[in-house]
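What follows is the content of my_file-v5.cif (mmCIF, C-alpha atoms).
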```cif
data_target
#
loop_
_atom_site.label_atom_id
_atom_site.label_comp_id
_atom_site.auth_asym_id
_atom_site.auth_seq_id
_atom_site.Cartn_x
_atom_site.Cartn_y
_atom_site.Cartn_z
CA MET A 1 219.71 144.13 127.22
CA ALA A 2 217.41 145.69 129.80
CA ASN A 3 219.46 148.90 129.75
CA ILE A 4 219.18 149.07 125.97
CA LYS A 5 215.40 148.66 126.16
CA ASN A 6 215.17 151.34 128.83
CA LYS A 7 217.24 153.75 126.77
CA SER A 8 215.09 153.08 123.70
CA LEU A 9 211.96 153.67 125.74
CA ILE A 10 213.35 156.95 127.13
CA ILE A 11 214.30 158.12 123.64
CA SER A 12 210.84 157.24 122.28
CA LEU A 13 209.09 159.07 125.11
CA THR A 14 211.32 162.10 124.61
CA LEU A 15 210.55 162.22 120.88
CA ALA A 16 206.83 161.78 121.53
CA MET A 17 206.81 164.61 124.07
CA ALA A 18 208.72 166.86 121.69
CA LEU A 19 206.30 166.06 118.89
CA TYR A 20 203.30 166.70 121.16
CA GLY A 21 204.83 169.99 122.24
CA SER A 22 205.33 171.14 118.66
CA ILE A 23 201.74 170.21 117.80
CA ALA A 24 200.41 172.01 120.85
CA GLN A 25 202.38 175.13 119.93
CA ALA A 26 200.99 174.97 116.40
CA GLN A 27 197.40 175.03 117.65
CA THR A 28 195.54 178.30 117.33
CA GLU A 29 194.77 179.98 120.65
CA LEU A 30 191.46 181.84 120.66
CA GLY A 31 189.85 184.17 123.16
CA LEU A 32 186.12 184.60 123.66
CA ARG A 33 185.93 187.76 121.56
CA ASP A 34 187.68 186.02 118.65
CA VAL A 35 185.29 183.09 118.83
CA LEU A 36 182.22 185.34 118.99
CA ASP A 37 183.38 187.43 116.02
CA ASN A 38 184.01 184.30 113.97
CA ALA A 39 180.62 182.85 114.89
CA MET A 40 178.72 186.01 113.92
CA ALA A 41 180.56 186.11 110.59
CA GLN A 42 180.61 182.40 109.68
CA ASN A 43 177.66 180.64 111.27
CA PRO A 44 175.10 179.61 108.60
CA VAL A 45 172.23 180.59 110.91
CA MET A 46 173.25 184.24 110.64
CA ALA A 47 173.45 183.93 106.86
CA MET A 48 169.94 182.45 106.79
CA SER A 49 168.65 185.28 108.97
CA GLN A 50 170.28 187.87 106.72
CA ALA A 51 168.70 186.21 103.66
CA GLN A 52 165.28 186.43 105.31
CA GLN A 53 165.79 190.13 105.97
CA ASP A 54 166.89 190.67 102.36
CA ALA A 55 163.77 188.87 101.18
CA ALA A 56 161.60 191.11 103.36
CA ASN A 57 163.28 194.20 101.90
CA ALA A 58 162.64 192.88 98.40
CA ALA A 59 158.97 192.39 99.31
CA VAL A 60 158.72 196.15 99.98
CA THR A 61 159.87 196.78 96.42
CA THR A 62 157.25 194.35 95.19
CA ALA A 63 154.51 195.97 97.29
CA THR A 64 155.25 199.46 96.00
CA ALA A 65 155.53 198.47 92.33
CA TYR A 66 152.76 199.48 89.92
CA ILE A 67 150.81 196.90 87.96
CA ASN A 68 151.97 196.64 84.37
CA PRO A 69 149.63 197.81 81.59
CA GLU A 70 148.25 195.40 79.00
CA PHE A 71 148.39 195.99 75.25
CA GLU A 72 145.99 194.13 72.95
CA VAL A 73 145.90 193.78 69.16
CA ALA A 74 143.25 191.88 67.20
CA GLY A 75 142.16 191.64 63.58
CA GLY A 76 140.31 189.58 61.02
CA PRO A 77 138.04 189.59 57.93
CA SER A 78 134.89 191.67 58.02
CA ARG A 79 131.83 191.36 55.73
CA SER A 80 129.15 193.96 55.62
CA ARG A 81 125.60 192.60 55.91
CA THR A 82 124.26 195.40 53.71
CA GLY A 83 125.33 196.95 50.46
CA SER A 84 127.81 195.14 48.23
CA ASN A 85 128.57 192.44 50.77
CA GLU A 86 132.26 193.04 50.13
CA VAL A 87 134.84 191.33 52.40
CA GLY A 88 137.26 193.65 54.12
CA THR A 89 139.68 193.67 57.07
CA LYS A 90 138.83 194.72 60.59
CA TRP A 91 141.43 195.41 63.23
CA ASP A 92 141.59 197.06 66.60
CA VAL A 93 144.16 197.89 69.27
CA GLY A 94 143.61 198.49 72.95
CA ILE A 95 145.49 199.26 76.12
CA SER A 96 144.40 198.83 79.74
CA GLN A 97 146.01 200.00 82.94
CA PRO A 98 144.93 198.49 86.30
CA LEU A 99 145.08 201.03 89.12
CA GLU A 100 144.92 200.18 92.83
CA PHE A 101 143.13 202.49 95.20
CA PRO A 102 145.50 204.42 97.54
CA GLY A 103 144.18 202.55 100.59
CA VAL A 104 145.09 199.20 99.03
CA ARG A 105 148.59 200.31 98.07
CA GLY A 106 149.13 201.82 101.52
CA ALA A 107 148.00 198.64 103.29
CA ARG A 108 150.18 196.48 101.05
CA ARG A 109 153.23 198.67 101.67
CA GLU A 110 152.52 198.77 105.42
CA MET A 111 152.37 194.98 105.60
CA ALA A 112 155.66 194.65 103.72
CA GLU A 113 157.38 197.21 105.97
CA SER A 114 156.05 195.42 109.06
CA ASN A 115 157.60 192.21 107.75
CA VAL A 116 160.91 194.06 107.35
CA ARG A 117 160.80 195.15 110.98
CA ALA A 118 159.92 191.62 112.08
CA ALA A 119 162.81 190.20 110.04
CA GLY A 120 165.21 192.74 111.57
CA VAL A 121 164.18 191.86 115.12
CA SER A 122 164.37 188.17 114.24
CA ARG A 123 167.95 188.62 113.02
CA THR A 124 168.85 190.45 116.23
CA LEU A 125 167.28 187.66 118.29
CA THR A 126 169.15 185.05 116.27
CA GLY A 127 172.42 186.84 117.01
CA ILE A 128 171.62 186.97 120.73
CA GLU A 129 170.79 183.26 120.80
CA LEU A 130 173.98 182.42 118.93
CA ARG A 131 176.19 184.60 121.15
CA THR A 132 174.71 183.02 124.28
CA ARG A 133 175.25 179.49 123.00
CA VAL A 134 178.81 180.27 121.92
CA LYS A 135 179.58 181.82 125.31
CA SER A 136 178.20 178.79 127.12
CA ALA A 137 180.17 176.40 124.89
CA PHE A 138 183.35 178.47 125.31
CA TYR A 139 183.05 178.49 129.09
CA ASP A 140 182.29 174.77 128.98
CA VAL A 141 185.66 174.17 127.28
CA LEU A 142 187.37 176.29 129.96
CA GLN A 143 185.54 174.32 132.64
CA ARG A 144 186.58 170.97 131.23
CA GLN A 145 190.16 172.14 130.85
CA ALA A 146 190.16 173.03 134.54
CA VAL A 147 188.85 169.55 135.33
CA LEU A 148 191.61 168.06 133.17
CA ARG A 149 194.29 169.93 135.12
CA LEU A 150 192.70 168.71 138.33
CA VAL A 151 192.55 165.03 137.38
CA GLU A 152 196.01 165.20 135.80
CA GLY A 153 197.45 166.39 139.12
CA ASP A 154 195.53 163.66 140.94
CA ARG A 155 196.83 161.05 138.53
CA ASN A 156 200.44 162.10 139.00
CA LEU A 157 200.04 162.23 142.78
CA LEU A 158 198.40 158.81 143.00
CA GLN A 159 201.11 157.32 140.83
CA GLN A 160 203.68 158.68 143.27
CA ILE A 161 201.68 157.30 146.18
CA ARG A 162 201.47 153.94 144.46
CA GLU A 163 205.25 153.84 144.02
CA ARG A 164 205.80 154.67 147.70
CA VAL A 165 203.31 152.02 148.78
CA LYS A 166 204.96 149.46 146.53
CA LEU A 167 208.30 150.23 148.10
CA ARG A 168 206.84 149.77 151.58
CA VAL A 169 205.21 146.51 150.58
CA ASP A 170 208.43 145.25 149.00
CA THR A 171 210.34 146.03 152.20
CA GLY A 172 207.67 144.44 154.35
CA GLU A 173 206.60 147.66 156.05
CA ALA A 174 203.02 147.47 154.73
CA ALA A 175 200.53 144.79 153.86
CA LYS A 176 199.93 143.79 150.26
CA TYR A 177 196.31 144.93 150.32
CA GLU A 178 197.59 148.52 150.59
CA LEU A 179 199.29 148.10 147.22
CA ILE A 180 196.10 146.67 145.76
CA LYS A 181 194.18 149.68 147.02
CA ALA A 182 196.80 152.09 145.68
CA ASP A 183 196.71 150.34 142.29
CA THR A 184 192.93 150.66 142.21
CA GLU A 185 193.04 154.37 142.98
CA ALA A 186 195.79 154.95 140.40
CA LEU A 187 193.76 153.14 137.72
CA ALA A 188 190.69 155.17 138.61
CA ALA A 189 192.71 158.39 138.33
CA GLU A 190 194.03 157.30 134.92
CA ARG A 191 190.48 156.53 133.81
CA ASP A 192 189.30 159.98 134.95
CA TYR A 193 192.21 161.59 133.11
CA GLN A 194 191.39 159.84 129.82
CA ALA A 195 187.69 160.67 130.23
CA ALA A 196 188.57 164.34 130.81
CA LEU A 197 190.56 164.40 127.56
CA VAL A 198 187.59 162.98 125.65
CA ARG A 199 185.20 165.50 127.22
CA ILE A 200 187.44 168.38 126.14
CA SER A 201 187.44 167.05 122.57
CA GLU A 202 183.65 166.82 122.66
CA ALA A 203 183.29 170.37 123.99
CA LYS A 204 185.66 171.73 121.35
CA ALA A 205 183.80 169.90 118.59
CA TYR A 206 180.51 171.41 119.75
CA LEU A 207 182.06 174.89 119.90
CA ARG A 208 183.51 174.43 116.43
CA GLY A 209 180.07 173.46 115.13
CA LEU A 210 178.57 176.64 116.57
CA VAL A 211 181.19 178.92 115.06
CA GLY A 212 181.20 177.64 111.50
CA PRO A 213 183.39 176.05 108.85
CA GLY A 214 186.19 178.60 109.28
CA MET A 215 187.00 177.38 112.79
CA PRO A 216 190.36 175.53 112.83
CA MET A 217 190.25 171.82 113.57
CA GLU A 218 192.90 172.15 116.26
CA PHE A 219 192.65 175.07 118.64
CA ASP A 220 192.97 176.06 122.28
CA VAL A 221 190.89 178.57 124.20
CA LYS A 222 192.20 181.14 126.61
CA GLY A 223 190.34 183.05 129.28
CA GLU A 224 188.62 182.48 132.58
CA LEU A 225 185.10 182.22 133.94
CA PRO A 226 183.70 185.69 134.77
CA LEU A 227 183.00 184.89 138.41
CA ALA A 228 183.46 188.50 139.53
CA ASP A 229 180.32 189.64 137.69
CA THR A 230 177.00 189.79 139.51
CA LEU A 231 173.43 190.32 138.40
CA PRO A 232 171.07 193.18 139.24
CA THR A 233 168.20 192.48 141.60
CA LEU A 234 165.26 190.37 140.46
CA GLN A 235 163.00 193.43 140.46
CA GLN A 236 165.39 195.26 138.14
CA LEU A 237 165.52 192.27 135.80
CA ARG A 238 161.73 192.05 135.70
CA GLN A 239 161.58 195.67 134.59
CA LYS A 240 163.69 194.76 131.55
CA ILE A 241 161.34 192.01 130.39
CA ASP A 242 159.21 194.45 128.38
CA GLU A 243 162.33 195.39 126.36
CA SER A 244 163.20 191.78 125.53
CA PRO A 245 163.86 191.11 121.82
CA GLN A 246 161.64 188.04 122.11
CA LEU A 247 158.65 190.27 122.86
CA ALA A 248 159.77 192.80 120.25
CA GLN A 249 159.75 190.03 117.63
CA ILE A 250 156.19 188.96 118.46
CA ARG A 251 155.01 192.59 118.50
CA ALA A 252 156.49 193.08 115.04
CA ILE A 253 154.76 189.92 113.83
CA ARG A 254 151.49 191.21 115.30
CA GLU A 255 151.90 194.49 113.42
CA ALA A 256 152.39 192.54 110.21
CA ALA A 257 149.29 190.44 110.94
CA GLU A 258 147.21 193.57 111.59
CA ALA A 259 148.49 195.11 108.36
CA ARG A 260 147.51 191.94 106.49
CA LEU A 261 144.00 192.15 107.96
CA ARG A 262 143.65 195.74 106.75
CA LEU A 263 144.90 194.72 103.33
CA GLU A 264 142.38 191.87 103.04
CA GLU A 265 139.58 194.28 103.97
CA LYS A 266 140.73 196.79 101.34
CA LEU A 267 140.96 194.08 98.69
CA ARG A 268 137.15 193.77 98.64
CA ASN A 269 137.30 196.57 96.09
CA PRO A 270 140.98 196.80 95.13
CA GLY A 271 140.82 199.36 92.32
CA LEU A 272 139.78 199.95 88.75
CA THR A 273 141.11 199.45 85.25
CA LEU A 274 141.39 202.27 82.70
CA LYS A 275 140.86 201.10 79.14
CA GLY A 276 141.41 202.72 75.78
CA GLY A 277 141.32 201.44 72.21
CA PHE A 278 140.93 202.09 68.50
CA GLU A 279 138.84 199.99 66.15
CA GLN A 280 138.97 200.14 62.33
CA ASP A 281 136.28 198.66 60.14
CA PRO A 282 136.19 198.87 56.35
CA ASP A 283 133.45 201.45 56.64
CA TYR A 284 134.19 203.31 59.87
CA SER A 285 136.64 203.73 62.73
CA THR A 286 135.95 203.94 66.47
CA VAL A 287 137.87 205.28 69.46
CA ARG A 288 136.96 203.72 72.83
CA LEU A 289 137.62 204.93 76.36
CA GLY A 290 136.31 203.16 79.43
CA VAL A 291 136.65 202.13 83.03
CA ALA A 292 136.24 198.62 84.49
CA ILE A 293 135.38 198.34 88.18
CA PRO A 294 135.08 194.93 89.92
CA LEU A 295 131.82 194.46 91.82
CA PRO A 296 132.12 192.53 95.11
CA VAL A 297 128.84 190.70 94.65
CA TRP A 298 129.61 186.99 94.94
CA ASN A 299 133.01 187.10 96.62
CA GLN A 300 133.49 189.66 99.36
CA ARG A 301 136.67 187.95 100.63
CA GLN A 302 135.00 186.73 103.81
CA GLY A 303 137.37 183.78 104.01
CA PRO A 304 140.69 185.69 103.70
CA ILE A 305 139.44 188.42 106.07
CA ALA A 306 138.39 185.88 108.70
CA GLU A 307 141.69 184.06 108.30
CA ALA A 308 143.69 187.27 108.77
CA ALA A 309 141.60 188.23 111.81
CA ALA A 310 142.26 184.81 113.35
CA GLY A 311 145.97 185.34 112.72
CA VAL A 312 145.87 188.61 114.65
CA ARG A 313 144.14 186.93 117.59
CA GLN A 314 146.64 184.09 117.52
CA VAL A 315 149.67 186.40 117.58
CA THR A 316 148.11 188.52 120.33
CA ALA A 317 147.60 185.41 122.45
CA ALA A 318 151.17 184.31 121.71
CA LEU A 319 152.43 187.69 122.91
CA SER A 320 150.56 187.37 126.21
CA GLU A 321 151.81 183.81 126.66
CA ARG A 322 155.40 184.83 125.95
CA GLU A 323 155.22 187.67 128.48
CA LEU A 324 154.09 185.24 131.16
CA SER A 325 156.67 182.62 130.23
CA LEU A 326 159.45 185.21 130.21
CA GLN A 327 158.56 186.28 133.73
CA ARG A 328 158.50 182.65 134.81
CA ASP A 329 161.79 181.79 133.07
CA VAL A 330 163.58 184.87 134.42
CA ASP A 331 162.44 184.09 137.96
CA SER A 332 163.53 180.46 137.59
CA ALA A 333 166.93 181.38 136.12
CA TYR A 334 167.47 183.94 138.87
CA GLN A 335 166.79 181.33 141.53
CA ARG A 336 169.30 179.00 139.89
CA TYR A 337 171.75 181.89 139.87
CA LEU A 338 171.27 182.45 143.61
CA ILE A 339 171.70 178.74 144.31
CA ALA A 340 174.88 178.52 142.25
CA GLN A 341 176.21 181.73 143.80
CA GLY A 342 175.60 180.31 147.27
CA GLN A 343 177.36 177.09 146.35
CA VAL A 344 180.39 178.93 144.99
CA ASN A 345 180.56 181.08 148.12
CA SER A 346 180.28 177.99 150.34
CA PHE A 347 183.17 176.30 148.56
CA GLU A 348 185.36 179.39 148.60
CA SER A 349 184.59 180.36 152.18
CA GLY A 350 185.14 177.02 153.83
CA LEU A 351 184.60 173.73 152.06
CA LEU A 352 187.75 173.83 149.95
CA ASN A 353 189.92 174.77 152.93
CA GLN A 354 188.29 172.14 155.11
CA ALA A 355 188.81 169.39 152.54
CA GLU A 356 192.43 170.47 152.03
CA SER A 357 193.06 170.54 155.79
CA ALA A 358 191.57 167.08 156.20
CA LEU A 359 193.80 165.81 153.40
CA LYS A 360 196.92 167.29 154.99
CA VAL A 361 196.05 165.74 158.35
CA ALA A 362 195.46 162.35 156.75
CA GLU A 363 198.72 162.64 154.78
CA SER A 364 200.74 163.51 157.89
CA ALA A 365 199.12 160.70 159.85
CA TYR A 366 199.93 158.27 157.07
CA ARG A 367 203.55 159.41 156.84
CA PHE A 368 204.05 158.94 160.58
CA GLY A 369 202.31 155.58 160.55
CA GLU A 370 199.34 156.70 162.61
CA ARG A 371 196.85 155.82 159.86
CA GLY A 372 196.78 153.37 157.00
CA ILE A 373 196.74 153.98 153.28
CA LEU A 374 192.97 153.57 153.13
CA ASP A 375 192.36 156.63 155.29
CA TYR A 376 194.77 158.68 153.25
CA LEU A 377 193.23 157.60 149.94
CA ASP A 378 189.73 158.30 151.25
CA ALA A 379 190.80 161.82 152.22
CA GLN A 380 192.39 162.26 148.79
CA ARG A 381 189.18 161.08 147.09
CA THR A 382 187.06 163.44 149.18
CA TYR A 383 189.30 166.40 148.37
CA ARG A 384 189.14 165.54 144.66
CA ALA A 385 185.34 165.30 144.75
CA VAL A 386 185.04 168.65 146.53
CA ARG A 387 187.19 170.37 143.95
CA LYS A 388 185.20 168.83 141.08
CA ASP A 389 181.96 169.97 142.68
CA TYR A 390 183.44 173.45 143.04
CA LEU A 391 184.29 173.59 139.34
CA ALA A 392 180.77 172.40 138.45
CA ALA A 393 179.24 175.07 140.71
CA ARG A 394 181.33 177.78 139.02
CA TYR A 395 180.06 176.73 135.59
CA ASP A 396 176.44 176.57 136.82
CA TYR A 397 176.87 180.07 138.23
CA VAL A 398 178.01 181.49 134.89
CA ASN A 399 175.51 179.46 132.89
CA SER A 400 172.57 180.78 134.92
CA MET A 401 173.68 184.32 134.12
CA LEU A 402 173.95 183.43 130.43
CA GLU A 403 170.39 182.11 130.49
CA ILE A 404 169.14 185.46 131.79
CA GLU A 405 171.19 187.17 129.08
CA ARG A 406 169.40 185.08 126.47
CA LEU A 407 165.95 185.76 127.90
CA LEU A 408 166.37 189.52 128.22
CA GLY A 409 168.71 190.09 125.27
CA THR A 410 171.01 192.12 127.51
CA GLU A 411 174.79 191.78 127.77
CA LEU A 412 175.27 190.88 131.45
CA LEU A 413 178.68 189.20 131.21
CA GLU A 414 181.28 191.51 129.72
CA VAL A 415 183.45 190.02 127.00
CA LYS A 416 186.96 191.01 128.05
CA SER A 417 189.08 189.14 125.51
#
```
Spell out the structure here as structure tokens.
Amino acid sequence: MANIKNKSLIISLTLAMALYGSIAQAQTELGLRDVLDNAMAQNPVMAMSQAQQDAANAAVTTATAYINPEFEVAGGPSRSRTGSNEVGTKWDVGISQPLEFPGVRGARREMAESNVRAAGVSRTLTGIELRTRVKSAFYDVLQRQAVLRLVEGDRNLLQQIRERVKLRVDTGEAAKYELIKADTEALAAERDYQAALVRISEAKAYLRGLVGPGMPMEFDVKGELPLADTLPTLQQLRQKIDESPQLAQIRAIREAAEARLRLEEKLRNPGLTLKGGFEQDPDYSTVRLGVAIPLPVWNQRQGPIAEAAAGVRQVTAALSERELSLQRDVDSAYQRYLIAQGQVNSFESGLLNQAESALKVAESAYRFGERGILDYLDAQRTYRAVRKDYLAARYDYVNSMLEIERLLGTELLEVKS
């Protein structure tokens, strides 16, 4: 009966593994370039930014359009106060054409064109922000996959250690507490493995949300962290701050605010209206030509002009504040980059080898009976922690470079696939 159950279990596991393998093969494998292209094409944020730019372009058409003329027709009975007092019909027609002064039209068009430039820079900045976030999320998936491979290897190794310890306990070569300790470590490794699977699912879900609705529900990512890339010096990065799209966006907004101020000043006396008409009475007819000019007596647009001037001052202050904050953020990100770079170098130049050597010594001592299982498991735990810290340092290293990319709007990490 036991053999039948074992065979059934083996068959079930084999079928499950085959099914999992077929599902894994069916998953779409995407590189970073594929993910970025999909995000730029599908993410709703880019569609919103494009709609804003289209609206700004339409506003230029509105600003350059002429005001429509007005046509007027009126009529009614007319009675002469002299003569026969006969009732007749009076009617008249008229047409008027408002005309803006050239300075008003120029200021209106200039404001609309400034808004177009601001919308274009805003769309560029939106694309940079999206690309940086997608890169970070993509590398996060790669990072968590590396952690999964690490904890999966630890789980398999600790299960093997647990089986060897159980055999030694069953034969009386080791105390029972060693098996308890091995069971505890094996359960902890299984817990870490399951947690790593969940973290990968979370990272993929976040990446899918950044890309858009066209992203497949099941996918794998391929690639590696660009650890070979390095940044220019801090002085060179500071020189690029003035070219940052973030500053370009605020400058474009300031130009639009200044154009609005000029327009409000011109609108004190916006233009004139040409009028013409024909009037027919029972006794005579009249042709009228005239000009209507608004007189800025009661309302000289003090409120709108002051409001526009305050907007210019506000944007100018925002530009100065953003310049200072960019310098501060670039310096801070560069320091994080140096720290992460130093940590990665420390791991690669010594810590990983030292932890591996200590593990090998503890394993040999345990095999020859010179040390107990506790020493070996402690060495195994230390080696696992060092490797996890190394993977975290690698991601921090890349993420600090991505932050500088976002701040400066410059492609620092080459997209190779």
Taking all listed atoms of range 73-76 of chain A, build the axis-aligned box, pad each of the six sides by 5 Å, then write its centre and edge lengths in Å to one decimal as lines of an AutoDock Vina configuration file.
```
center_x = 143.1
center_y = 191.7
center_z = 65.1
size_x = 15.6
size_y = 14.2
size_z = 18.1
```
List the residues matched by the PyMOL selection byres ((chain A and resi 349-362) around 12) in the displayed structure as a PDB file with C-alpha atoms, keeping the file's coordinate frame, ordered by chain and then by residue number.
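The file below, selection.pdb, is the result:
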```pdb
ATOM      1  CA  GLN A 341     176.210 181.730 143.800  1.00  0.00           C
ATOM      2  CA  GLY A 342     175.600 180.310 147.270  1.00  0.00           C
ATOM      3  CA  GLN A 343     177.360 177.090 146.350  1.00  0.00           C
ATOM      4  CA  VAL A 344     180.390 178.930 144.990  1.00  0.00           C
ATOM      5  CA  ASN A 345     180.560 181.080 148.120  1.00  0.00           C
ATOM      6  CA  SER A 346     180.280 177.990 150.340  1.00  0.00           C
ATOM      7  CA  PHE A 347     183.170 176.300 148.560  1.00  0.00           C
ATOM      8  CA  GLU A 348     185.360 179.390 148.600  1.00  0.00           C
ATOM      9  CA  GLU A 363     198.720 162.640 154.780  1.00  0.00           C
ATOM     10  CA  SER A 364     200.740 163.510 157.890  1.00  0.00           C
ATOM     11  CA  ALA A 365     199.120 160.700 159.850  1.00  0.00           C
ATOM     12  CA  TYR A 366     199.930 158.270 157.070  1.00  0.00           C
ATOM     13  CA  ARG A 367     203.550 159.410 156.840  1.00  0.00           C
ATOM     14  CA  PHE A 368     204.050 158.940 160.580  1.00  0.00           C
ATOM     15  CA  GLY A 369     202.310 155.580 160.550  1.00  0.00           C
ATOM     16  CA  GLU A 370     199.340 156.700 162.610  1.00  0.00           C
ATOM     17  CA  ARG A 371     196.850 155.820 159.860  1.00  0.00           C
ATOM     18  CA  GLY A 372     196.780 153.370 157.000  1.00  0.00           C
ATOM     19  CA  ILE A 373     196.740 153.980 153.280  1.00  0.00           C
ATOM     20  CA  LEU A 374     192.970 153.570 153.130  1.00  0.00           C
ATOM     21  CA  ASP A 375     192.360 156.630 155.290  1.00  0.00           C
ATOM     22  CA  TYR A 376     194.770 158.680 153.250  1.00  0.00           C
ATOM     23  CA  LEU A 377     193.230 157.600 149.940  1.00  0.00           C
ATOM     24  CA  ASP A 378     189.730 158.300 151.250  1.00  0.00           C
ATOM     25  CA  ALA A 379     190.800 161.820 152.220  1.00  0.00           C
ATOM     26  CA  GLN A 380     192.390 162.260 148.790  1.00  0.00           C
ATOM     27  CA  ARG A 381     189.180 161.080 147.090  1.00  0.00           C
ATOM     28  CA  THR A 382     187.060 163.440 149.180  1.00  0.00           C
ATOM     29  CA  TYR A 383     189.300 166.400 148.370  1.00  0.00           C
ATOM     30  CA  ARG A 384     189.140 165.540 144.660  1.00  0.00           C
ATOM     31  CA  ALA A 385     185.340 165.300 144.750  1.00  0.00           C
ATOM     32  CA  VAL A 386     185.040 168.650 146.530  1.00  0.00           C
ATOM     33  CA  ARG A 387     187.190 170.370 143.950  1.00  0.00           C
ATOM     34  CA  LYS A 388     185.200 168.830 141.080  1.00  0.00           C
ATOM     35  CA  ASP A 389     181.960 169.970 142.680  1.00  0.00           C
ATOM     36  CA  TYR A 390     183.440 173.450 143.040  1.00  0.00           C
ATOM     37  CA  LEU A 391     184.290 173.590 139.340  1.00  0.00           C
TER      38      LEU A 391
END
```
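The gap separating CA of Asn156 in chain A from CA of Arg168 in chain A is 18.7 Å, in Å to one decimal.
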Residue nearest Ile241 in chain A among A:Arg406, A:Arg288, A:Arg268, A:Arg254 (counting all atoms listed in the file): A:Arg406
Each residue of range 279-371 of chain A with at least one atom at most 10 Å from range 89-102 of chain A should appear once, together with its nearest atom pair and the corresponding distance in Å (one decimal); atoms considered: all atoms listed in the file; ordering: chain, then increasing residue number; output as CSV.
```
residue,atom,partner,partner_atom,distance
A:Glu279,CA,A:Asp92,CA,4.0
A:Gln280,CA,A:Trp91,CA,5.4
A:Asp281,CA,A:Lys90,CA,4.7
A:Pro282,CA,A:Thr89,CA,6.3
A:Asp283,CA,A:Lys90,CA,9.5
A:Tyr284,CA,A:Lys90,CA,9.8
A:Ser285,CA,A:Asp92,CA,9.2
A:Thr286,CA,A:Asp92,CA,8.9
A:Val287,CA,A:Asp92,CA,9.5
A:Arg288,CA,A:Gly94,CA,8.5
A:Leu289,CA,A:Gly94,CA,9.4
A:Gly290,CA,A:Ser96,CA,9.2
A:Val291,CA,A:Ser96,CA,9.0
A:Ala292,CA,A:Pro98,CA,8.9
A:Ile293,CA,A:Pro98,CA,9.7
```
Put those residues in a file: C-alpha atoms, as a CSV table (one decimal), in the frame of the given file.
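Wrote it out as part17.csv, contents follow:
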```csv
chain,number,residue,atom,x,y,z
A,279,GLU,CA,138.8,200.0,66.2
A,280,GLN,CA,139.0,200.1,62.3
A,281,ASP,CA,136.3,198.7,60.1
A,282,PRO,CA,136.2,198.9,56.4
A,283,ASP,CA,133.4,201.4,56.6
A,284,TYR,CA,134.2,203.3,59.9
A,285,SER,CA,136.6,203.7,62.7
A,286,THR,CA,136.0,203.9,66.5
A,287,VAL,CA,137.9,205.3,69.5
A,288,ARG,CA,137.0,203.7,72.8
A,289,LEU,CA,137.6,204.9,76.4
A,290,GLY,CA,136.3,203.2,79.4
A,291,VAL,CA,136.6,202.1,83.0
A,292,ALA,CA,136.2,198.6,84.5
A,293,ILE,CA,135.4,198.3,88.2
```
Answer as a PyMOL selection string, residues within 10 Å of (192.6, 163.9, 134.6) using only C-alpha atoms: chain A and resi 144-156+188-197
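From CA of Ala393 in chain A back to CA of Thr184 in chain A, the distance works out to 28.0 Å.
Taking CA of Gly311 in chain A as the reference point, CA of Val60 in chain A is found at 21.0 Å.
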